[in-house]
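Visitor: This is coords_1.cif (mmCIF, C-alpha atoms).
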```cif
data_work
loop_
_atom_site.label_atom_id
_atom_site.label_comp_id
_atom_site.auth_asym_id
_atom_site.auth_seq_id
_atom_site.Cartn_x
_atom_site.Cartn_y
_atom_site.Cartn_z
CA MET A 1 -2.38 -10.30 -21.11
CA ALA A 2 -1.68 -13.30 -23.21
CA ILE A 3 1.94 -14.28 -23.59
CA ASN A 4 2.86 -16.01 -26.79
CA TRP A 5 4.87 -18.90 -25.31
CA PHE A 6 5.63 -20.32 -28.71
CA LYS A 7 7.74 -17.27 -29.36
CA TYR A 8 10.32 -18.81 -27.01
CA SER A 9 10.46 -22.06 -28.91
CA SER A 10 12.56 -20.19 -31.44
CA PRO A 11 16.24 -20.62 -30.48
CA ALA A 12 16.98 -16.92 -31.06
CA SER A 13 14.40 -15.59 -28.59
CA PHE A 14 15.04 -18.42 -26.14
CA TYR A 15 18.73 -17.53 -26.21
CA SER A 16 18.14 -14.00 -24.92
CA LEU A 17 15.44 -15.07 -22.45
CA ALA A 18 17.73 -17.74 -20.96
CA GLY A 19 20.53 -15.20 -20.69
CA LYS A 20 18.34 -13.01 -18.50
CA MET A 21 17.12 -15.90 -16.35
CA ILE A 22 20.45 -17.56 -15.55
CA PRO A 23 21.74 -15.01 -12.96
CA VAL A 24 18.43 -15.20 -11.05
CA PHE A 25 18.57 -19.00 -10.80
CA VAL A 26 22.26 -18.97 -9.86
CA PHE A 27 21.59 -16.50 -7.06
CA VAL A 28 18.56 -18.38 -5.66
CA SER A 29 20.42 -21.67 -5.90
CA VAL A 30 23.43 -20.39 -3.92
CA VAL A 31 21.21 -18.89 -1.21
CA LEU A 32 19.20 -22.11 -0.88
CA LEU A 33 22.33 -24.26 -0.91
CA VAL A 34 23.88 -22.33 1.97
CA ALA A 35 20.59 -22.37 3.92
CA GLY A 36 20.01 -26.07 3.24
CA LEU A 37 23.52 -27.11 4.26
CA TYR A 38 23.27 -24.97 7.39
CA VAL A 39 19.96 -26.54 8.44
CA GLY A 40 21.23 -29.99 7.51
CA PHE A 41 24.52 -29.87 9.34
CA PHE A 42 23.88 -27.49 12.25
CA VAL A 43 20.16 -27.28 12.99
CA ALA A 44 18.77 -30.76 12.27
CA PRO A 45 19.02 -33.12 15.26
CA THR A 46 21.11 -36.28 15.49
CA ASP A 47 19.26 -39.41 14.38
CA PHE A 48 18.20 -41.95 17.02
CA GLN A 49 19.76 -44.94 15.27
CA GLN A 50 22.24 -43.66 12.69
CA GLY A 51 23.79 -40.86 14.74
CA GLU A 52 25.51 -38.20 12.64
CA ALA A 53 26.09 -40.41 9.61
CA TYR A 54 22.51 -39.94 8.44
CA ARG A 55 23.36 -36.34 7.47
CA ILE A 56 24.52 -37.59 4.09
CA ILE A 57 20.77 -37.74 3.36
CA PHE A 58 20.87 -33.98 2.69
CA ILE A 59 22.99 -34.67 -0.39
CA HIS A 60 21.90 -38.20 -1.26
CA VAL A 61 18.13 -37.77 -1.50
CA PRO A 62 18.11 -34.49 -3.48
CA ALA A 63 20.64 -36.01 -5.90
CA ALA A 64 18.63 -39.21 -6.29
CA TRP A 65 15.37 -37.34 -6.86
CA MET A 66 16.98 -35.02 -9.40
CA SER A 67 18.54 -37.95 -11.21
CA MET A 68 15.10 -39.46 -11.83
CA PHE A 69 13.23 -36.21 -12.40
CA LEU A 70 15.75 -34.86 -14.90
CA TYR A 71 15.57 -38.10 -16.85
CA VAL A 72 11.81 -37.74 -17.24
CA VAL A 73 12.20 -34.12 -18.35
CA MET A 74 14.96 -35.11 -20.77
CA ALA A 75 12.86 -37.90 -22.27
CA PHE A 76 9.87 -35.55 -22.50
CA TRP A 77 11.76 -32.95 -24.52
CA ALA A 78 13.51 -35.59 -26.61
CA GLY A 79 10.10 -37.12 -27.38
CA ILE A 80 8.60 -33.74 -28.30
CA GLY A 81 11.59 -33.08 -30.54
CA LEU A 82 11.16 -36.47 -32.19
CA ALA A 83 7.41 -36.05 -32.76
CA PHE A 84 7.21 -32.41 -33.82
CA ASN A 85 10.71 -31.84 -35.15
CA THR A 86 11.14 -28.78 -32.96
CA ARG A 87 14.79 -27.81 -32.75
CA LEU A 88 14.84 -26.30 -29.28
CA SER A 89 13.24 -29.32 -27.56
CA SER A 90 16.02 -31.62 -28.72
CA MET A 91 18.64 -29.10 -27.69
CA LEU A 92 17.11 -28.98 -24.20
CA ALA A 93 17.21 -32.77 -23.95
CA THR A 94 20.89 -32.77 -24.94
CA ALA A 95 21.57 -30.04 -22.38
CA ILE A 96 19.86 -31.94 -19.54
CA ALA A 97 21.79 -35.22 -19.93
CA PRO A 98 25.15 -34.24 -18.33
CA THR A 99 23.46 -32.70 -15.27
CA GLY A 100 21.25 -35.77 -14.87
CA ALA A 101 24.27 -38.04 -15.16
CA MET A 102 26.11 -35.98 -12.56
CA PHE A 103 23.25 -36.25 -10.06
CA THR A 104 22.98 -40.00 -10.69
CA PHE A 105 26.68 -40.37 -10.01
CA ILE A 106 26.40 -38.31 -6.80
CA ALA A 107 23.42 -40.41 -5.66
CA LEU A 108 25.35 -43.65 -6.27
CA TRP A 109 28.55 -42.37 -4.70
CA THR A 110 26.99 -40.87 -1.55
CA GLY A 111 24.88 -44.02 -1.30
CA ALA A 112 28.03 -46.13 -1.21
CA LEU A 113 29.61 -43.85 1.40
CA TRP A 114 26.45 -44.16 3.48
CA GLY A 115 26.01 -47.89 2.97
CA LYS A 116 29.44 -48.84 4.28
CA PRO A 117 29.00 -47.52 7.86
CA MET A 118 25.25 -48.28 8.14
CA TRP A 119 24.59 -51.49 6.22
CA GLY A 120 28.14 -52.80 6.34
CA THR A 121 28.76 -52.77 2.58
CA TRP A 122 29.58 -50.28 -0.18
CA TRP A 123 27.42 -51.98 -2.75
CA VAL A 124 24.87 -54.75 -3.12
CA TRP A 125 23.01 -55.84 -6.23
CA ASP A 126 19.56 -55.17 -4.87
CA ALA A 127 16.77 -53.83 -7.09
CA ARG A 128 17.08 -50.18 -6.01
CA LEU A 129 20.83 -49.88 -6.38
CA THR A 130 20.96 -51.83 -9.62
CA SER A 131 18.19 -49.85 -11.31
CA GLU A 132 19.85 -46.57 -10.31
CA LEU A 133 23.11 -47.84 -11.84
CA ILE A 134 21.19 -48.64 -15.03
CA LEU A 135 19.93 -45.03 -14.99
CA PHE A 136 23.54 -43.88 -14.97
CA PHE A 137 24.32 -46.09 -17.97
CA LEU A 138 21.26 -44.72 -19.79
CA TYR A 139 22.51 -41.16 -19.37
CA ILE A 140 25.99 -42.17 -20.49
CA GLY A 141 24.51 -44.11 -23.42
CA PHE A 142 22.39 -41.12 -24.47
CA MET A 143 25.39 -38.79 -24.39
CA SER A 144 27.80 -41.12 -26.17
CA LEU A 145 25.30 -41.98 -28.88
CA GLN A 146 24.66 -38.30 -29.57
CA ALA A 147 28.38 -37.60 -29.56
CA ALA A 148 29.02 -40.43 -32.00
CA ILE A 149 26.68 -39.08 -34.69
CA ASP A 150 27.95 -36.05 -36.60
CA ASP A 151 24.66 -34.78 -38.00
CA PRO A 152 22.89 -33.11 -35.03
CA ARG A 153 19.40 -33.82 -36.36
CA ARG A 154 20.12 -37.53 -36.65
CA ALA A 155 21.86 -37.49 -33.27
CA ASP A 156 18.72 -35.95 -31.74
CA LYS A 157 16.52 -38.68 -33.19
CA ALA A 158 18.76 -41.54 -32.11
CA GLY A 159 19.15 -40.06 -28.64
CA ALA A 160 15.41 -39.58 -28.31
CA ILE A 161 14.83 -43.30 -28.86
CA ILE A 162 17.25 -44.28 -26.07
CA ALA A 163 15.75 -41.63 -23.79
CA LEU A 164 12.18 -42.81 -24.40
CA VAL A 165 12.98 -46.50 -23.99
CA GLY A 166 14.84 -45.74 -20.76
CA VAL A 167 11.83 -43.99 -19.20
CA ILE A 168 10.59 -47.45 -18.20
CA ASN A 169 13.44 -47.61 -15.73
CA ILE A 170 12.16 -44.61 -13.72
CA PRO A 171 9.07 -46.24 -12.13
CA ILE A 172 11.21 -49.34 -11.59
CA ILE A 173 13.71 -47.31 -9.55
CA TYR A 174 10.99 -45.52 -7.65
CA PHE A 175 8.87 -48.55 -6.77
CA SER A 176 11.71 -51.10 -6.46
CA VAL A 177 11.67 -50.82 -2.67
CA GLN A 178 7.94 -51.64 -2.63
CA TRP A 179 7.79 -54.32 -5.30
CA TRP A 180 10.71 -56.40 -4.11
CA ASN A 181 12.44 -56.79 -0.78
CA THR A 182 15.65 -54.81 -0.98
CA LEU A 183 18.45 -53.84 1.37
CA HIS A 184 17.62 -50.21 0.65
CA GLN A 185 14.87 -48.98 2.97
CA GLY A 186 11.52 -47.70 1.75
CA ALA A 187 10.66 -44.08 1.02
CA SER A 188 10.70 -41.69 3.98
CA VAL A 189 8.80 -39.08 2.02
CA SER A 190 5.97 -40.03 -0.33
CA ILE A 191 2.79 -38.51 -1.66
CA ASN A 192 0.27 -40.63 0.21
CA GLN A 193 1.90 -40.81 3.64
CA ALA A 194 3.05 -38.46 6.35
CA PRO A 195 6.85 -38.13 6.13
CA ALA A 196 8.74 -40.49 8.45
CA MET A 197 11.23 -37.79 9.39
CA ALA A 198 11.52 -35.14 12.07
CA THR A 199 10.39 -31.73 10.77
CA THR A 200 13.79 -29.98 10.84
CA MET A 201 15.40 -32.89 9.01
CA LEU A 202 12.68 -32.77 6.38
CA THR A 203 12.98 -28.98 6.05
CA GLY A 204 16.72 -29.19 5.47
CA MET A 205 16.24 -31.91 2.87
CA LEU A 206 13.52 -30.02 1.00
CA ILE A 207 15.62 -26.83 0.92
CA MET A 208 18.43 -28.88 -0.59
CA VAL A 209 16.00 -30.30 -3.16
CA LEU A 210 14.94 -26.78 -4.16
CA ALA A 211 18.60 -25.73 -4.35
CA SER A 212 19.29 -28.64 -6.72
CA TRP A 213 16.34 -27.61 -8.85
CA MET A 214 17.57 -24.04 -9.16
CA TYR A 215 21.11 -25.21 -9.84
CA SER A 216 19.89 -27.62 -12.53
CA ILE A 217 17.80 -24.95 -14.24
CA ALA A 218 20.70 -22.48 -14.27
CA VAL A 219 23.22 -25.01 -15.61
CA ILE A 220 20.84 -26.44 -18.19
CA LEU A 221 19.90 -22.99 -19.51
CA LYS A 222 23.58 -22.13 -19.80
CA ARG A 223 24.32 -25.35 -21.64
CA THR A 224 21.33 -24.84 -23.93
CA ARG A 225 22.66 -21.40 -24.85
CA VAL A 226 25.99 -22.91 -25.84
CA ILE A 227 24.28 -25.60 -27.91
CA ILE A 228 22.11 -22.96 -29.63
CA LEU A 229 25.20 -20.95 -30.60
CA GLU A 230 26.94 -24.06 -31.91
CA ARG A 231 24.03 -25.17 -34.02
CA GLU A 232 22.89 -21.77 -35.22
CA SER A 233 26.37 -20.44 -35.97
CA HIS A 234 25.47 -20.09 -39.66
CA THR A 235 22.48 -17.80 -39.00
CA ALA A 236 22.23 -14.04 -39.31
CA TRP A 237 21.27 -13.40 -35.69
CA VAL A 238 24.33 -15.19 -34.34
CA ALA A 239 26.52 -13.21 -36.76
CA GLU A 240 24.84 -10.06 -35.46
CA LEU A 241 25.62 -11.02 -31.84
CA GLN A 242 29.20 -11.70 -32.80
CA LYS A 243 29.50 -8.31 -34.47
CA LYS A 244 28.22 -6.63 -31.32
CA GLY A 245 30.80 -8.58 -29.34
CA ALA A 246 28.08 -10.14 -27.20
CA ILE A 247 29.61 -13.62 -27.43
CA LEU A 248 32.84 -14.33 -25.70
CA MET B 1 -4.52 -37.06 -38.75
CA LYS B 2 -1.54 -34.85 -39.46
CA PRO B 3 1.73 -36.69 -39.95
CA ARG B 4 3.25 -35.21 -36.79
CA HIS B 5 0.26 -36.39 -34.74
CA LYS B 6 0.64 -39.79 -36.29
CA LYS B 7 4.26 -39.74 -35.16
CA LEU B 8 3.26 -38.77 -31.63
CA VAL B 9 0.76 -41.64 -31.46
CA MET B 10 3.41 -44.03 -32.76
CA ILE B 11 5.90 -42.90 -30.11
CA ALA B 12 3.29 -43.12 -27.34
CA SER B 13 2.19 -46.61 -28.37
CA GLY B 14 5.82 -47.71 -28.71
CA VAL B 15 6.61 -46.60 -25.17
CA THR B 16 3.42 -48.23 -23.86
CA ALA B 17 4.27 -51.52 -25.59
CA LEU B 18 7.75 -51.44 -24.06
CA GLY B 19 6.23 -50.72 -20.68
CA VAL B 20 3.96 -53.74 -20.91
CA ALA B 21 6.89 -55.88 -22.03
CA ALA B 22 8.93 -54.64 -19.07
CA ILE B 23 6.12 -55.50 -16.64
CA LEU B 24 5.87 -59.02 -18.07
CA VAL B 25 9.63 -59.56 -17.93
CA LEU B 26 9.89 -58.27 -14.37
CA ASN B 27 6.99 -60.48 -13.34
CA ALA B 28 8.68 -63.52 -14.88
CA PHE B 29 11.89 -62.77 -13.01
CA GLN B 30 10.09 -61.92 -9.78
CA SER B 31 11.89 -64.55 -7.73
CA ASN B 32 15.32 -63.54 -9.07
CA LEU B 33 14.81 -59.91 -8.20
CA VAL B 34 14.22 -60.40 -4.50
CA PHE B 35 17.27 -59.57 -2.46
CA PHE B 36 16.50 -61.92 0.40
CA PHE B 37 14.07 -64.59 1.57
CA SER B 38 12.05 -64.36 4.77
CA PRO B 39 12.29 -67.14 7.37
CA SER B 40 8.74 -68.22 6.42
CA GLN B 41 9.80 -68.64 2.80
CA VAL B 42 12.84 -70.66 3.88
CA ILE B 43 10.66 -72.96 6.05
CA ALA B 44 8.25 -73.31 3.10
CA ASN B 45 11.23 -74.43 0.95
CA GLU B 46 10.96 -71.45 -1.41
CA ALA B 47 14.62 -70.55 -0.93
CA PRO B 48 17.31 -72.31 -2.98
CA ILE B 49 18.40 -74.82 -0.31
CA GLY B 50 21.92 -76.15 -0.91
CA LYS B 51 22.99 -72.96 -2.66
CA SER B 52 24.09 -69.68 -1.12
CA PHE B 53 21.22 -67.25 -0.57
CA ARG B 54 20.22 -64.39 1.71
CA ILE B 55 17.70 -64.38 4.50
CA GLY B 56 16.25 -61.21 5.92
CA GLY B 57 14.13 -60.26 8.87
CA LEU B 58 14.48 -58.92 12.37
CA VAL B 59 17.08 -60.04 14.88
CA ALA B 60 14.95 -61.83 17.47
CA ASP B 61 14.89 -60.17 20.88
CA GLY B 62 17.20 -61.86 23.39
CA SER B 63 18.68 -64.22 20.77
CA VAL B 64 22.15 -62.68 20.36
CA LYS B 65 24.89 -64.75 22.05
CA ARG B 66 28.60 -64.18 21.52
CA ASP B 67 31.19 -66.97 21.94
CA ASP B 68 33.95 -66.12 24.40
CA GLY B 69 37.34 -65.39 22.85
CA SER B 70 36.17 -65.28 19.24
CA THR B 71 34.05 -63.11 16.96
CA THR B 72 31.51 -65.89 16.46
CA VAL B 73 27.99 -64.78 17.21
CA HIS B 74 24.72 -66.71 17.35
CA PHE B 75 21.39 -65.03 16.76
CA SER B 76 17.97 -65.75 15.28
CA VAL B 77 16.29 -64.07 12.34
CA THR B 78 12.52 -63.80 12.59
CA ASP B 79 9.64 -62.47 10.54
CA THR B 80 7.42 -62.92 13.64
CA ALA B 81 5.88 -66.07 12.06
CA GLU B 82 9.00 -68.24 11.71
CA THR B 83 12.48 -68.04 13.24
CA ILE B 84 15.78 -69.36 11.90
CA PRO B 85 18.98 -69.64 13.96
CA VAL B 86 22.07 -68.04 12.40
CA VAL B 87 25.79 -68.45 13.14
CA TYR B 88 28.27 -65.85 11.92
CA THR B 89 31.96 -65.25 12.48
CA GLY B 90 33.19 -61.77 11.75
CA ILE B 91 32.55 -58.11 12.34
CA LEU B 92 28.94 -57.03 12.60
CA PRO B 93 27.75 -53.67 11.23
CA ASP B 94 27.15 -50.91 13.80
CA LEU B 95 23.41 -50.99 13.29
CA PHE B 96 23.17 -54.70 14.10
CA ARG B 97 20.77 -54.76 17.05
CA GLU B 98 18.09 -56.96 18.57
CA GLY B 99 14.68 -56.09 17.17
CA LYS B 100 16.25 -54.39 14.10
CA GLY B 101 16.45 -55.46 10.48
CA VAL B 102 19.22 -57.74 9.23
CA VAL B 103 20.15 -59.47 5.97
CA ALA B 104 22.54 -62.45 6.11
CA GLN B 105 24.10 -64.32 3.21
CA GLY B 106 25.12 -67.95 3.50
CA LYS B 107 23.91 -71.55 3.37
CA ILE B 108 21.55 -73.50 5.50
CA SER B 109 23.02 -76.57 7.21
CA ALA B 110 21.38 -79.98 7.49
CA GLU B 111 20.40 -79.11 11.07
CA GLY B 112 18.51 -76.04 9.86
CA VAL B 113 21.11 -73.56 11.11
CA PHE B 114 21.95 -70.74 8.72
CA LEU B 115 25.73 -70.44 8.35
CA ALA B 116 26.26 -66.82 7.36
CA ASP B 117 29.39 -65.50 5.70
CA GLU B 118 28.11 -61.92 5.45
CA VAL B 119 25.77 -59.98 7.72
CA LEU B 120 24.33 -56.61 6.69
CA ALA B 121 22.11 -54.30 8.69
CA LYS B 122 18.84 -53.18 7.13
CA HIS B 123 17.52 -50.03 8.74
CA ASP B 124 14.06 -48.52 8.33
CA GLU B 125 13.02 -45.25 6.73
CA ASN B 126 12.35 -43.41 10.01
CA TYR B 127 14.56 -40.51 11.00
CA MET B 128 14.08 -38.70 14.30
CA PRO B 129 16.04 -37.32 17.24
CA PRO B 130 16.77 -39.80 20.10
CA GLU B 131 14.34 -38.01 22.44
CA ALA B 132 11.48 -38.53 20.00
CA ALA B 133 12.39 -42.21 19.65
CA GLU B 134 12.39 -42.59 23.44
CA ALA B 135 9.00 -40.88 23.74
CA LEU B 136 7.58 -43.21 21.08
CA GLU B 137 8.95 -46.25 22.88
CA LYS B 138 7.44 -45.09 26.18
CA ALA B 139 4.08 -44.51 24.55
CA ALA B 140 4.18 -47.99 22.99
CA LYS B 141 5.02 -49.55 26.38
CA ALA B 142 2.22 -47.64 28.09
CA GLN B 143 -0.21 -48.83 25.44
CA LYS B 144 0.95 -52.43 25.87
CA ALA B 145 0.54 -52.16 29.66
CA SER B 146 -2.99 -50.81 29.32
CA LEU B 147 -3.86 -53.62 26.91
CA VAL B 148 -2.68 -56.25 29.43
CA GLN B 149 -4.86 -54.74 32.14
#
```
Turn the structure described in the file into structure tokens.
Guide:
Amino acid sequence: MAINWFKYSSPASFYSLAGKMIPVFVFVSVVLLVAGLYVGFFVAPTDFQQGEAYRIIFIHVPAAWMSMFLYVVMAFWAGIGLAFNTRLSSMLATAIAPTGAMFTFIALWTGALWGKPMWGTWWVWDARLTSELILFFLYIGFMSLQAAIDDPRRADKAGAIIALVGVINIPIIYFSVQWWNTLHQGASVSINQAPAMATTMLTGMLIMVLASWMYSIAVILKRTRVIILERESHTAWVAELQKKGAIL
Amino acid sequence: MKPRHKKLVMIASGVTALGVAAILVLNAFQSNLVFFFSPSQVIANEAPIGKSFRIGGLVADGSVKRDDGSTTVHFSVTDTAETIPVVYTGILPDLFREGKGVVAQGKISAEGVFLADEVLAKHDENYMPPEAAEALEKAAKAQKASLVQ
């Protein structure tokens, strides 16, 4: 059976589809979060050199990965919106930004909390930390630029340019620890190498990564629904929903 | 070509051009982006001698000596090729250990001693329980012993 995916690029049908999907993602995300935190804090062993303090990895790494991944997804949808003038793509990009910014902030903050006891400093201007801070500013820049422009279509276009230019920062963040010598250590988990972590530690971390994915999807869908209602408030289908009392 | 495809090509080439520009800029600033210099680089005069800079490497085994009655500590930083003696007064991070990574900021004296005013620990990307670390260490020792024989 062929599904017509393009049907869901219309805000009206996406709105109802997203409404059905949100509870599923919320549920899975909560289950995974509880499981991941349990494995991370109670099952995973103590580390041989960092003791218990390494456990912040179960928050730090998922947040850092999400911060980069969400930026790429945001730039992708912003770029599609810019090229093809599709309304929903730009709305998705706008909906992703706050979640991405939040994960970037968490990655920076937990990194500082981890750096103080282990390295002996909250912050250094090494390539990894600095490029992640720039990522935070890119998210903030994207959001403030869009907020500053009243016409949503123009805001989408301006935002898309920032998002696309900022994509260059993503490989810089990722490879910074290989290209330059940094205080931040190299990757423990990468595509072409066996992970440099004990299995239970890795399991806990990957469960937390999945939980962050599910959380992000749920929150972004919810935010997209709100943006759709805002922007389509003049249309007949939104008026219909309102009549039925389906919008709070 | 349809106008929207034209637009897509324009966006793609714009991003590619920016990417190339970024690579060139980063290459040009290569030396400014490194966080620390290795002892070999310092010996080869690649570090900004006379100014404050950071050196990084491993704390040489058996090199850590503490002065009695003060927090002054002497140790050597090595990259296995070259070694530089370091003097530091202050509190060391918990992970400061012989054979482990370290990054020190300071100036190099005329005698070639690095006078550090900040010492940070640089740990590696390996995470494992202490028992696993012990087993690895034993295996490495056994291998070394068999090589000597």
Visitor: Determine, for each residue of chain B having at least one atom at most 8 Å from an atom of chain A, the closest pair of atoms and their separation in Å to one decimal, counting only C-alpha atoms; order by chain and ascending number, as CSV.
Guide:
```
residue,atom,partner,partner_atom,distance
B:Arg4,CA,A:Phe84,CA,5.7
B:His5,CA,A:Ala83,CA,7.4
B:Lys7,CA,A:Ala83,CA,5.4
B:Leu8,CA,A:Ala83,CA,5.1
B:Ile11,CA,A:Ala83,CA,7.5
B:Val15,CA,A:Val165,CA,6.5
B:Leu18,CA,A:Val165,CA,7.2
B:Gly19,CA,A:Ile168,CA,6.0
B:Ala22,CA,A:Ile168,CA,7.4
B:Gln30,CA,A:Trp180,CA,7.9
B:Leu33,CA,A:Ala127,CA,6.5
B:Val34,CA,A:Trp180,CA,5.3
B:Phe35,CA,A:Thr182,CA,5.2
B:Phe36,CA,A:Asn181,CA,6.6
B:Leu92,CA,A:Gly120,CA,7.6
B:Pro93,CA,A:Gly120,CA,5.0
B:Asp94,CA,A:Met118,CA,6.5
B:Leu95,CA,A:Met118,CA,6.1
B:Val103,CA,A:Leu183,CA,7.5
B:Val119,CA,A:Gly120,CA,7.7
B:Leu120,CA,A:Trp119,CA,5.1
B:Ala121,CA,A:Trp119,CA,4.5
B:Lys122,CA,A:Leu183,CA,5.8
B:His123,CA,A:Gln185,CA,6.4
B:Asp124,CA,A:Gln185,CA,5.4
B:Glu125,CA,A:Ser188,CA,5.1
B:Asn126,CA,A:Ala196,CA,4.9
B:Tyr127,CA,A:Met197,CA,4.6
B:Met128,CA,A:Ala198,CA,4.9
B:Pro129,CA,A:Asp47,CA,4.8
B:Pro130,CA,A:Phe48,CA,4.0
B:Glu131,CA,A:Phe48,CA,7.7
B:Ala133,CA,A:Phe48,CA,6.4
```
Visitor: What's the separation between atom CA of Leu221 of chain A and atom CA of Ile106 of chain A, in Å to one decimal place?
Guide: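 Separation of atom CA of Leu221 of chain A and atom CA of Ile106 of chain A: 20.9 Å.
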Visitor: Quick check, in Å to one decimal: how far apart do atom CA of Val86 of chain B and atom CA of Gln178 of chain A lie?
Guide: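 Separating atom CA of Val86 of chain B from atom CA of Gln178 of chain A is a distance of 26.4 Å.
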Visitor: Do you have the atom CA of Phe96 of chain B-atom CA of Ser131 of chain A distance handy?
Guide: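 Separation between atom CA of Phe96 of chain B and atom CA of Ser131 of chain A: 26.3 Å.
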Visitor: List, as a PyMOL selection string, every residue that the PyMOL selection byres ((chain A and resi 14-22) around 12) selects in the file provided.
Guide: chain A and resi 5-13+23-29+87-89+91-92+214-230+232+237-238+241+246-247
